[in-house]
Amino acid sequence: MSRKKIRELGLNVGQLPTGANNCITDVKGVRVGHVTLHYPLTEDKNEWACTGVTAILPHGGNIFREKVVATSYVFNGFGKTTGLVQVNELGQLESPIMLTNTFGVPAVTQGTLEYLLEQSPEIGETTGTVNIVVGECNDSYLNSIRLMPVKPEHAKEAIQKASTEKAEEGAVGAGTGMVCFGYKGGIGCSSRIVQIDGAEESYTVGCLVLSNFGKTEELETYNRFIQTKTAEPEITDSQTDGSIIIVLATDAPLNERQLQRMAKRCGIGLGRTGSHMSHGSGDIVIAFSTAQTILHFSEDHKESFIQLREDNPVMNFLFTAAAEATEEAILNSLSCANTTTGRKGRVVKELPYQQLKSWN
């Protein structure tokens, strides 16, 4: 059954307006693709593939040859990501941002590498190597993670499927087996429009989350939108604290330091939902700007960039946009996800709409 985003249920987060689709793809050029794996792996249906891959591309061109400004910020580092060291060192993104489960990282890295090598024959031959960014969350409650159902071809397929259309949300792609606050979590998106005072120009901020964190009692503290007592019991035998990967995109012209300042504000949106970033939770933001590209090949020894002034009021609105879009994306990952069955007959139920204060 089709589930709804929270705005379709009468709930609005924050003050800033959303983009046309309330999605990360509202940032012009950004693409999202999913591959969903949900099927039994054994005849007795005790083991399941309940996982997938999600690809986020900053533009539709050759990302290695036309890089974008990027950064990451780690709130709590209980994660197994790849590529973030170089992203923070150089302030550049040169691959799609790939999301999957913890044990799927090697296969997704390989598949993405194969895709990029096919696209750019010069990599590792006449020029340097390529830095591949993969983020993960642990979906082992529903997914038979030890059987490693994610393969390199699934990464390639997710990249090839990526489009600028409104992204599918909920229990799809990398979010297929994720659990959030004891309910079904997964992929959620939101966006915000920031208007420049005294000008017709505006900027878009888009957010995509892979939500897999939190206990039910933490959600119960979220009194703004959630009833004070949940209707469904918490999952009690999950083995980990969970994680969240937050991908933040904007068309505002920012340098990597300014982007990181925005990325830090995603933690405000995360905290508003009830998270306290548990010991075993990887809480990580990957942020990029599509405003300008950085050519891999150039004979010039200088390059020029435009960036926003730090003391302009627009920076505060961008910070607000990051916080609001993150909060709403997390809520959408819950409200869009369907009840899901996985390994050992386990079932994670969808968030009942009756728990939302505006629902009647």
# chains A, B, ... in the order shown; residues from 1 in each chain; ligands from 1

call {"tool": "residues_around", "arguments": {"residues": "A:Gly104", "least_positions_apart": "3", "cutoff": "7 Å", "atoms": "only C-alpha atoms", "output": "ChimeraX atom specification"}}
result
/A:100-101,107-108,148,150

call {"tool": "write_last_selection", "arguments": {"atoms": "N, CA and C atoms", "output": "PDB file, in the first residue's frame"}}
result
ATOM      1  N   THR A 100      24.338   1.741   1.315  1.00  0.00           N
ATOM      2  CA  THR A 100      24.000   0.326   1.360  1.00  0.00           C
ATOM      3  C   THR A 100      24.077  -0.162   2.803  1.00  0.00           C
ATOM      4  N   ASN A 101      24.107  -1.501   2.989  1.00  0.00           N
ATOM      5  CA  ASN A 101      24.277  -2.039   4.334  1.00  0.00           C
ATOM      6  C   ASN A 101      25.755  -2.202   4.665  1.00  0.00           C
ATOM      7  N   ALA A 107      31.312  -4.591  -1.902  1.00  0.00           N
ATOM      8  CA  ALA A 107      30.718  -4.874  -3.211  1.00  0.00           C
ATOM      9  C   ALA A 107      30.273  -3.590  -3.908  1.00  0.00           C
ATOM     10  N   VAL A 108      29.682  -2.675  -3.151  1.00  0.00           N
ATOM     11  CA  VAL A 108      29.222  -1.415  -3.744  1.00  0.00           C
ATOM     12  C   VAL A 108      30.419  -0.567  -4.191  1.00  0.00           C
ATOM     13  N   MET A 148      25.604 -11.643   2.480  1.00  0.00           N
ATOM     14  CA  MET A 148      26.065 -10.585   1.560  1.00  0.00           C
ATOM     15  C   MET A 148      25.344 -10.606   0.203  1.00  0.00           C
ATOM     16  N   VAL A 150      24.133  -8.148  -1.505  1.00  0.00           N
ATOM     17  CA  VAL A 150      24.457  -7.025  -2.382  1.00  0.00           C
ATOM     18  C   VAL A 150      25.705  -7.359  -3.196  1.00  0.00           C
TER      19      VAL A 150
END

call {"tool": "residues_around", "arguments": {"residues": "A:Met315", "least_positions_apart": "4", "cutoff": "12 Å", "atoms": "only C-alpha atoms", "output": "PDB file with C-alpha atoms, in the first residue's frame"}}
result
ATOM      1  CA  VAL A 194      16.035  30.058   0.585  1.00  0.00           C
ATOM      2  CA  GLN A 195      15.160  33.450  -0.900  1.00  0.00           C
ATOM      3  CA  ILE A 196      17.778  36.193  -1.088  1.00  0.00           C
ATOM      4  CA  ASP A 197      16.601  39.446   0.511  1.00  0.00           C
ATOM      5  CA  TYR A 203      18.868  28.734  -3.440  1.00  0.00           C
ATOM      6  CA  VAL A 205      18.747  22.866  -0.098  1.00  0.00           C
ATOM      7  CA  ALA A 252      24.246  27.745  -3.168  1.00  0.00           C
ATOM      8  CA  PRO A 253      27.843  28.719  -4.019  1.00  0.00           C
ATOM      9  CA  LEU A 254      29.733  27.583  -0.932  1.00  0.00           C
ATOM     10  CA  GLN A 258      30.895  26.782   4.572  1.00  0.00           C
ATOM     11  CA  LEU A 259      29.366  23.474   3.522  1.00  0.00           C
ATOM     12  CA  ARG A 261      29.066  24.622   8.750  1.00  0.00           C
ATOM     13  CA  MET A 262      25.767  23.721   7.072  1.00  0.00           C
ATOM     14  CA  ARG A 265      23.202  22.025  11.463  1.00  0.00           C
ATOM     15  CA  GLN A 307      31.184  31.955  -2.708  1.00  0.00           C
ATOM     16  CA  LEU A 308      28.650  33.565  -0.432  1.00  0.00           C
ATOM     17  CA  ARG A 309      29.724  36.195   2.046  1.00  0.00           C
ATOM     18  CA  GLU A 310      29.793  34.778   5.529  1.00  0.00           C
ATOM     19  CA  ASP A 311      28.110  37.796   7.110  1.00  0.00           C
ATOM     20  CA  PHE A 319      21.599  26.772   8.308  1.00  0.00           C
ATOM     21  CA  THR A 320      17.869  26.794   9.050  1.00  0.00           C
ATOM     22  CA  ALA A 321      17.181  24.946   5.804  1.00  0.00           C
ATOM     23  CA  ALA A 322      19.669  22.199   6.689  1.00  0.00           C
TER      24      ALA A 322
END

call {"tool": "closest_atom_pairs", "arguments": {"of": "stretch 148-170 of chain A", "to": "stretch 30-40 of chain A", "cutoff": "9 Å", "atoms": "only C-alpha atoms", "output": "JSON lines"}}
result
{"residue": "A:Pro149", "atom": "CA", "partner": "A:Leu37", "partner_atom": "CA", "distance": 8.0}
{"residue": "A:Val150", "atom": "CA", "partner": "A:Leu37", "partner_atom": "CA", "distance": 8.0}
{"residue": "A:His154", "atom": "CA", "partner": "A:Val35", "partner_atom": "CA", "distance": 6.4}
{"residue": "A:Ala155", "atom": "CA", "partner": "A:Val35", "partner_atom": "CA", "distance": 7.8}
{"residue": "A:Glu157", "atom": "CA", "partner": "A:Val35", "partner_atom": "CA", "distance": 6.9}
{"residue": "A:Ala158", "atom": "CA", "partner": "A:Gly33", "partner_atom": "CA", "distance": 4.9}
{"residue": "A:Ile159", "atom": "CA", "partner": "A:Gly33", "partner_atom": "CA", "distance": 5.9}
{"residue": "A:Gln160", "atom": "CA", "partner": "A:Gly33", "partner_atom": "CA", "distance": 7.3}
{"residue": "A:Lys161", "atom": "CA", "partner": "A:Gly33", "partner_atom": "CA", "distance": 4.9}
{"residue": "A:Ala162", "atom": "CA", "partner": "A:Gly33", "partner_atom": "CA", "distance": 3.6}
{"residue": "A:Ser163", "atom": "CA", "partner": "A:Arg31", "partner_atom": "CA", "distance": 4.6}
{"residue": "A:Thr164", "atom": "CA", "partner": "A:Arg31", "partner_atom": "CA", "distance": 4.6}
{"residue": "A:Glu165", "atom": "CA", "partner": "A:Arg31", "partner_atom": "CA", "distance": 7.5}
{"residue": "A:Lys166", "atom": "CA", "partner": "A:Val32", "partner_atom": "CA", "distance": 8.4}
{"residue": "A:Ala167", "atom": "CA", "partner": "A:Val32", "partner_atom": "CA", "distance": 6.2}
{"residue": "A:Glu168", "atom": "CA", "partner": "A:His34", "partner_atom": "CA", "distance": 8.0}

call {"tool": "write_last_selection", "arguments": {"atoms": "N, CA and C atoms", "output": "CSV table (one decimal), in the first residue's frame"}}
result
chain,number,residue,atom,x,y,z
A,149,PRO,N,24.0,-10.4,0.2
A,149,PRO,CA,23.3,-10.4,-1.0
A,149,PRO,C,23.6,-9.2,-2.0
A,150,VAL,N,24.1,-8.1,-1.5
A,150,VAL,CA,24.5,-7.0,-2.4
A,150,VAL,C,25.7,-7.4,-3.2
A,154,HIS,N,24.7,-4.5,-8.5
A,154,HIS,CA,23.6,-3.7,-8.0
A,154,HIS,C,24.0,-2.2,-7.8
A,155,ALA,N,25.3,-2.0,-7.5
A,155,ALA,CA,25.7,-0.6,-7.5
A,155,ALA,C,25.6,0.1,-8.9
A,157,GLU,N,23.7,-0.8,-11.3
A,157,GLU,CA,22.3,-0.6,-11.6
A,157,GLU,C,21.7,0.6,-11.0
A,158,ALA,N,22.0,0.8,-9.7
A,158,ALA,CA,21.5,2.0,-9.0
A,158,ALA,C,22.0,3.3,-9.6
A,159,ILE,N,23.2,3.3,-10.0
A,159,ILE,CA,23.7,4.5,-10.7
A,159,ILE,C,23.0,4.7,-12.0
A,160,GLN,N,22.8,3.7,-12.8
A,160,GLN,CA,22.2,3.8,-14.1
A,160,GLN,C,20.7,4.2,-14.0
A,161,LYS,N,20.1,3.8,-12.9
A,161,LYS,CA,18.7,4.1,-12.7
A,161,LYS,C,18.5,5.6,-12.2
A,162,ALA,N,19.6,6.2,-11.8
A,162,ALA,CA,19.4,7.5,-11.1
A,162,ALA,C,18.8,8.5,-12.1
A,163,SER,N,17.8,9.3,-11.5
A,163,SER,CA,17.1,10.3,-12.3
A,163,SER,C,16.8,11.5,-11.5
A,164,THR,N,16.4,12.6,-12.1
A,164,THR,CA,16.1,13.8,-11.5
A,164,THR,C,14.6,13.9,-11.0
A,165,GLU,N,13.9,12.8,-11.2
A,165,GLU,CA,12.5,12.7,-10.8
A,165,GLU,C,12.4,12.6,-9.3
A,166,LYS,N,11.3,12.8,-8.7
A,166,LYS,CA,11.1,12.7,-7.3
A,166,LYS,C,11.5,11.3,-6.8
A,167,ALA,N,12.4,11.2,-5.9
A,167,ALA,CA,12.9,10.0,-5.4
A,167,ALA,C,11.9,9.2,-4.6
A,168,GLU,N,11.9,7.9,-4.8
A,168,GLU,CA,11.1,7.0,-4.0
A,168,GLU,C,11.6,7.0,-2.6

call {"tool": "residues_around", "arguments": {"residues": "A:Gly177", "least_positions_apart": "4", "cutoff": "12 Å", "atoms": "only C-alpha atoms", "output": "NGL selection string"}}
result
:A and (36-39 or 48-53 or 100-102 or 136-145 or 170-173 or 183-187 or 210-212 or 242 or 337-343 or 346-349)

call {"tool": "residues_around", "arguments": {"residues": "A:Leu248", "least_positions_apart": "4", "cutoff": "9 Å", "atoms": "only C-alpha atoms", "output": "list in words"}}
result
Ile24, Val205, Gly206, Cys207, Leu208, Val209, Met262, Ala263, Cys266, Val285, Ile286, Ala287, Phe288, Ser289, Ala322, Ala325 and Thr326 of chain A

call {"tool": "closest_residue", "arguments": {"among": "A:Gly280, A:Pro96, A:Gly111, A:Gly345", "to": "A:Asn131", "atoms": "only C-alpha atoms"}}
result
A:Pro96

call {"tool": "atom_distance", "arguments": {"atom1": "atom CA of A:Thr293", "atom2": "atom CA of A:Ala249"}}
result
13.9 Å

call {"tool": "residues_around", "arguments": {"residues": "A:Val87", "least_positions_apart": "3", "cutoff": "12 Å", "atoms": "only C-alpha atoms", "output": "PDB file with N, CA, C and O atoms, in the first residue's frame"}}
result
ATOM      1  N   LYS A  67      34.195  17.557 -10.955  1.00  0.00           N
ATOM      2  CA  LYS A  67      33.962  17.344  -9.529  1.00  0.00           C
ATOM      3  C   LYS A  67      33.132  18.486  -8.947  1.00  0.00           C
ATOM      4  O   LYS A  67      33.019  19.555  -9.567  1.00  0.00           O
ATOM      5  N   VAL A  68      32.575  18.264  -7.769  1.00  0.00           N
ATOM      6  CA  VAL A  68      31.850  19.326  -7.074  1.00  0.00           C
ATOM      7  C   VAL A  68      32.460  19.523  -5.686  1.00  0.00           C
ATOM      8  O   VAL A  68      33.099  18.616  -5.130  1.00  0.00           O
ATOM      9  N   VAL A  69      32.254  20.709  -5.143  1.00  0.00           N
ATOM     10  CA  VAL A  69      32.723  21.015  -3.790  1.00  0.00           C
ATOM     11  C   VAL A  69      31.939  20.152  -2.804  1.00  0.00           C
ATOM     12  O   VAL A  69      30.712  20.009  -2.908  1.00  0.00           O
ATOM     13  N   ALA A  70      32.646  19.562  -1.852  1.00  0.00           N
ATOM     14  CA  ALA A  70      31.996  18.635  -0.922  1.00  0.00           C
ATOM     15  C   ALA A  70      32.735  18.595   0.408  1.00  0.00           C
ATOM     16  O   ALA A  70      33.884  19.037   0.523  1.00  0.00           O
ATOM     17  N   THR A  71      32.067  18.055   1.394  1.00  0.00           N
ATOM     18  CA  THR A  71      32.655  17.846   2.717  1.00  0.00           C
ATOM     19  C   THR A  71      31.865  16.763   3.426  1.00  0.00           C
ATOM     20  O   THR A  71      30.845  16.278   2.921  1.00  0.00           O
ATOM     21  N   SER A  72      32.334  16.384   4.607  1.00  0.00           N
ATOM     22  CA  SER A  72      31.556  15.495   5.472  1.00  0.00           C
ATOM     23  C   SER A  72      31.720  15.965   6.902  1.00  0.00           C
ATOM     24  O   SER A  72      32.662  16.692   7.233  1.00  0.00           O
ATOM     25  N   TYR A  73      30.788  15.549   7.728  1.00  0.00           N
ATOM     26  CA  TYR A  73      30.884  15.856   9.151  1.00  0.00           C
ATOM     27  C   TYR A  73      30.394  14.653   9.940  1.00  0.00           C
ATOM     28  O   TYR A  73      29.323  14.108   9.650  1.00  0.00           O
ATOM     29  N   THR A  81      32.239   3.838   6.572  1.00  0.00           N
ATOM     30  CA  THR A  81      32.178   4.525   5.288  1.00  0.00           C
ATOM     31  C   THR A  81      33.521   4.456   4.567  1.00  0.00           C
ATOM     32  O   THR A  81      34.559   4.198   5.166  1.00  0.00           O
ATOM     33  N   THR A  82      33.497   4.728   3.266  1.00  0.00           N
ATOM     34  CA  THR A  82      34.726   4.861   2.484  1.00  0.00           C
ATOM     35  C   THR A  82      34.759   6.247   1.843  1.00  0.00           C
ATOM     36  O   THR A  82      33.730   6.830   1.526  1.00  0.00           O
ATOM     37  N   GLY A  83      35.964   6.766   1.670  1.00  0.00           N
ATOM     38  CA  GLY A  83      36.172   7.961   0.869  1.00  0.00           C
ATOM     39  C   GLY A  83      36.102   9.286   1.574  1.00  0.00           C
ATOM     40  O   GLY A  83      36.463  10.315   0.995  1.00  0.00           O
ATOM     41  N   LEU A  84      35.664   9.325   2.836  1.00  0.00           N
ATOM     42  CA  LEU A  84      35.454  10.615   3.485  1.00  0.00           C
ATOM     43  C   LEU A  84      36.759  11.312   3.860  1.00  0.00           C
ATOM     44  O   LEU A  84      36.796  12.541   3.948  1.00  0.00           O
ATOM     45  N   LEU A  90      40.488  17.346   0.408  1.00  0.00           N
ATOM     46  CA  LEU A  90      40.509  18.131  -0.824  1.00  0.00           C
ATOM     47  C   LEU A  90      39.259  18.974  -1.025  1.00  0.00           C
ATOM     48  O   LEU A  90      39.250  19.872  -1.867  1.00  0.00           O
ATOM     49  N   GLY A  91      38.186  18.662  -0.279  1.00  0.00           N
ATOM     50  CA  GLY A  91      36.953  19.423  -0.443  1.00  0.00           C
ATOM     51  C   GLY A  91      36.256  19.172  -1.757  1.00  0.00           C
ATOM     52  O   GLY A  91      35.567  20.052  -2.277  1.00  0.00           O
ATOM     53  N   GLN A  92      36.423  17.951  -2.284  1.00  0.00           N
ATOM     54  CA  GLN A  92      35.853  17.632  -3.591  1.00  0.00           C
ATOM     55  C   GLN A  92      35.215  16.252  -3.585  1.00  0.00           C
ATOM     56  O   GLN A  92      35.676  15.343  -2.904  1.00  0.00           O
ATOM     57  N   LEU A  93      34.139  16.121  -4.377  1.00  0.00           N
ATOM     58  CA  LEU A  93      33.481  14.847  -4.596  1.00  0.00           C
ATOM     59  C   LEU A  93      33.670  14.475  -6.053  1.00  0.00           C
ATOM     60  O   LEU A  93      33.374  15.270  -6.945  1.00  0.00           O
ATOM     61  N   GLU A  94      34.144  13.242  -6.329  1.00  0.00           N
ATOM     62  CA  GLU A  94      34.412  12.816  -7.697  1.00  0.00           C
ATOM     63  C   GLU A  94      33.767  11.472  -8.026  1.00  0.00           C
ATOM     64  O   GLU A  94      34.093  10.865  -9.040  1.00  0.00           O
ATOM     65  N   SER A  95      32.837  11.032  -7.183  1.00  0.00           N
ATOM     66  CA  SER A  95      32.087   9.803  -7.452  1.00  0.00           C
ATOM     67  C   SER A  95      30.657  10.004  -6.998  1.00  0.00           C
ATOM     68  O   SER A  95      30.365  10.928  -6.229  1.00  0.00           O
ATOM     69  N   ILE A  97      27.594   9.335  -4.548  1.00  0.00           N
ATOM     70  CA  ILE A  97      27.500   8.949  -3.143  1.00  0.00           C
ATOM     71  C   ILE A  97      26.618   7.707  -3.097  1.00  0.00           C
ATOM     72  O   ILE A  97      25.460   7.738  -3.510  1.00  0.00           O
ATOM     73  N   VAL A 130      40.716   7.109  -8.277  1.00  0.00           N
ATOM     74  CA  VAL A 130      39.447   7.787  -8.004  1.00  0.00           C
ATOM     75  C   VAL A 130      39.011   7.465  -6.582  1.00  0.00           C
ATOM     76  O   VAL A 130      39.228   6.356  -6.084  1.00  0.00           O
ATOM     77  N   ASN A 131      38.412   8.440  -5.933  1.00  0.00           N
ATOM     78  CA  ASN A 131      37.958   8.302  -4.549  1.00  0.00           C
ATOM     79  C   ASN A 131      36.455   8.037  -4.527  1.00  0.00           C
ATOM     80  O   ASN A 131      35.653   8.884  -4.921  1.00  0.00           O
ATOM     81  N   ILE A 132      36.076   6.859  -4.053  1.00  0.00           N
ATOM     82  CA  ILE A 132      34.681   6.430  -4.074  1.00  0.00           C
ATOM     83  C   ILE A 132      34.084   6.578  -2.679  1.00  0.00           C
ATOM     84  O   ILE A 132      34.666   6.123  -1.689  1.00  0.00           O
ATOM     85  N   VAL A 133      32.919   7.204  -2.603  1.00  0.00           N
ATOM     86  CA  VAL A 133      32.254   7.476  -1.332  1.00  0.00           C
ATOM     87  C   VAL A 133      31.076   6.524  -1.150  1.00  0.00           C
ATOM     88  O   VAL A 133      30.149   6.501  -1.960  1.00  0.00           O
ATOM     89  N   VAL A 134      31.142   5.733  -0.080  1.00  0.00           N
ATOM     90  CA  VAL A 134      30.062   4.801   0.259  1.00  0.00           C
ATOM     91  C   VAL A 134      29.719   4.964   1.735  1.00  0.00           C
ATOM     92  O   VAL A 134      30.604   4.956   2.589  1.00  0.00           O
ATOM     93  N   GLU A 256      34.098  24.488   0.847  1.00  0.00           N
ATOM     94  CA  GLU A 256      33.937  23.286   1.662  1.00  0.00           C
ATOM     95  C   GLU A 256      33.790  23.601   3.145  1.00  0.00           C
ATOM     96  O   GLU A 256      33.094  22.885   3.880  1.00  0.00           O
ATOM     97  N   ARG A 257      34.387  24.684   3.602  1.00  0.00           N
ATOM     98  CA  ARG A 257      34.245  25.056   5.011  1.00  0.00           C
ATOM     99  C   ARG A 257      32.825  25.526   5.300  1.00  0.00           C
ATOM    100  O   ARG A 257      32.223  25.156   6.312  1.00  0.00           O
ATOM    101  N   GLN A 260      30.570  22.603   5.434  1.00  0.00           N
ATOM    102  CA  GLN A 260      30.658  21.870   6.689  1.00  0.00           C
ATOM    103  C   GLN A 260      29.888  22.573   7.798  1.00  0.00           C
ATOM    104  O   GLN A 260      29.284  21.918   8.657  1.00  0.00           O
ATOM    105  N   VAL A 285      27.181  13.062   8.088  1.00  0.00           N
ATOM    106  CA  VAL A 285      26.641  13.923   7.036  1.00  0.00           C
ATOM    107  C   VAL A 285      27.647  13.996   5.894  1.00  0.00           C
ATOM    108  O   VAL A 285      28.850  14.180   6.111  1.00  0.00           O
ATOM    109  N   ILE A 286      27.155  13.859   4.668  1.00  0.00           N
ATOM    110  CA  ILE A 286      27.950  14.087   3.460  1.00  0.00           C
ATOM    111  C   ILE A 286      27.249  15.202   2.698  1.00  0.00           C
ATOM    112  O   ILE A 286      26.070  15.087   2.364  1.00  0.00           O
ATOM    113  N   ALA A 287      27.961  16.301   2.449  1.00  0.00           N
ATOM    114  CA  ALA A 287      27.335  17.487   1.850  1.00  0.00           C
ATOM    115  C   ALA A 287      28.087  17.910   0.602  1.00  0.00           C
ATOM    116  O   ALA A 287      29.317  17.788   0.524  1.00  0.00           O
ATOM    117  N   PHE A 288      27.339  18.429  -0.379  1.00  0.00           N
ATOM    118  CA  PHE A 288      27.981  18.930  -1.593  1.00  0.00           C
ATOM    119  C   PHE A 288      27.184  20.091  -2.174  1.00  0.00           C
ATOM    120  O   PHE A 288      25.986  20.256  -1.901  1.00  0.00           O
TER     121      PHE A 288
END

call {"tool": "atom_distance", "arguments": {"atom1": "atom CA of A:Val13", "atom2": "atom CA of A:Pro313"}}
result
21.0 Å

call {"tool": "residues_around", "arguments": {"residues": "A:Ser304", "least_positions_apart": "4", "cutoff": "12 Å", "atoms": "only C-alpha atoms", "output": "ChimeraX atom specification"}}
result
/A:255,292-295,300

call {"tool": "closest_residue", "arguments": {"among": "A:Ile56, A:Ile63, A:Ile330, A:Ala291", "to": "A:Ser120", "atoms": "only C-alpha atoms"}}
result
A:Ile63

call {"tool": "atom_distance", "arguments": {"atom1": "atom CA of A:Thr204", "atom2": "atom CA of A:Asn12"}}
result
17.7 Å

call {"tool": "select_by_dssp", "arguments": {"residues": "stretch 118-356 of chain A", "states": "strand (DSSP E or B)", "output": "NGL selection string"}}
result
:A and (133-137 or 163 or 170 or 179-180 or 183-184 or 186-195 or 202-213 or 226 or 242-250 or 282-295 or 340-341 or 347-348 or 356)

call {"tool": "closest_atom_pairs", "arguments": {"of": "stretch 171-262 of chain A", "to": "stretch 3-9 of chain A", "cutoff": "10 Å", "atoms": "only C-alpha atoms", "output": "tab-separated table"}}
result
residue	atom	partner	partner_atom	distance
A:Gly188	CA	A:Lys5	CA	8.9
A:Cys189	CA	A:Lys5	CA	9.2
A:Ser190	CA	A:Lys5	CA	9.5
A:Phe225	CA	A:Ile6	CA	9.8

call {"tool": "select_by_dssp", "arguments": {"residues": "stretch 133-317 of chain A", "states": "helix (DSSP H, G or I)", "output": "number ranges by chain"}}
result
A: 145-147, 152-161, 173-175, 216-219, 256-272, 314-317

call {"tool": "decode", "arguments": {"residues": "stretch 330-341 of chain A", "atoms": "N, CA, C and O atoms", "output": "PDB file, in the first residue's frame"}}
result
ATOM      1  N   ILE A 330      13.775  12.722   7.929  1.00  0.00           N
ATOM      2  CA  ILE A 330      13.690  11.589   8.859  1.00  0.00           C
ATOM      3  C   ILE A 330      12.236  11.179   9.067  1.00  0.00           C
ATOM      4  O   ILE A 330      11.888   9.992   9.044  1.00  0.00           O
ATOM      5  N   LEU A 331      11.361  12.154   9.270  1.00  0.00           N
ATOM      6  CA  LEU A 331       9.938  11.844   9.437  1.00  0.00           C
ATOM      7  C   LEU A 331       9.370  11.183   8.189  1.00  0.00           C
ATOM      8  O   LEU A 331       8.563  10.248   8.281  1.00  0.00           O
ATOM      9  N   ASN A 332       9.791  11.644   7.009  1.00  0.00           N
ATOM     10  CA  ASN A 332       9.313  11.033   5.762  1.00  0.00           C
ATOM     11  C   ASN A 332       9.827   9.606   5.603  1.00  0.00           C
ATOM     12  O   ASN A 332       9.141   8.756   5.023  1.00  0.00           O
ATOM     13  N   SER A 333      11.030   9.324   6.120  1.00  0.00           N
ATOM     14  CA  SER A 333      11.540   7.952   6.042  1.00  0.00           C
ATOM     15  C   SER A 333      10.661   7.005   6.853  1.00  0.00           C
ATOM     16  O   SER A 333      10.553   5.819   6.524  1.00  0.00           O
ATOM     17  N   LEU A 334      10.032   7.524   7.898  1.00  0.00           N
ATOM     18  CA  LEU A 334       9.104   6.738   8.712  1.00  0.00           C
ATOM     19  C   LEU A 334       7.711   6.676   8.082  1.00  0.00           C
ATOM     20  O   LEU A 334       7.116   5.603   7.967  1.00  0.00           O
ATOM     21  N   SER A 335       7.189   7.822   7.685  1.00  0.00           N
ATOM     22  CA  SER A 335       5.805   7.861   7.210  1.00  0.00           C
ATOM     23  C   SER A 335       5.636   7.194   5.849  1.00  0.00           C
ATOM     24  O   SER A 335       4.540   6.749   5.505  1.00  0.00           O
ATOM     25  N   CYS A 336       6.737   7.079   5.072  1.00  0.00           N
ATOM     26  CA  CYS A 336       6.655   6.471   3.737  1.00  0.00           C
ATOM     27  C   CYS A 336       6.947   4.975   3.740  1.00  0.00           C
ATOM     28  O   CYS A 336       6.746   4.306   2.722  1.00  0.00           O
ATOM     29  N   ALA A 337       7.448   4.440   4.838  1.00  0.00           N
ATOM     30  CA  ALA A 337       7.890   3.046   4.871  1.00  0.00           C
ATOM     31  C   ALA A 337       6.743   2.104   5.228  1.00  0.00           C
ATOM     32  O   ALA A 337       5.997   2.343   6.179  1.00  0.00           O
ATOM     33  N   ASN A 338       6.633   1.013   4.484  1.00  0.00           N
ATOM     34  CA  ASN A 338       5.632  -0.012   4.742  1.00  0.00           C
ATOM     35  C   ASN A 338       6.160  -1.074   5.705  1.00  0.00           C
ATOM     36  O   ASN A 338       7.368  -1.310   5.793  1.00  0.00           O
ATOM     37  N   THR A 339       5.244  -1.742   6.396  1.00  0.00           N
ATOM     38  CA  THR A 339       5.591  -2.901   7.208  1.00  0.00           C
ATOM     39  C   THR A 339       6.381  -3.899   6.365  1.00  0.00           C
ATOM     40  O   THR A 339       6.013  -4.202   5.231  1.00  0.00           O
ATOM     41  N   THR A 340       7.484  -4.412   6.916  1.00  0.00           N
ATOM     42  CA  THR A 340       8.406  -5.239   6.145  1.00  0.00           C
ATOM     43  C   THR A 340       8.747  -6.523   6.896  1.00  0.00           C
ATOM     44  O   THR A 340       9.022  -6.499   8.096  1.00  0.00           O
ATOM     45  N   THR A 341       8.747  -7.640   6.164  1.00  0.00           N
ATOM     46  CA  THR A 341       9.134  -8.940   6.702  1.00  0.00           C
ATOM     47  C   THR A 341      10.549  -9.273   6.256  1.00  0.00           C
ATOM     48  O   THR A 341      10.928  -9.009   5.106  1.00  0.00           O
TER      49      THR A 341
END
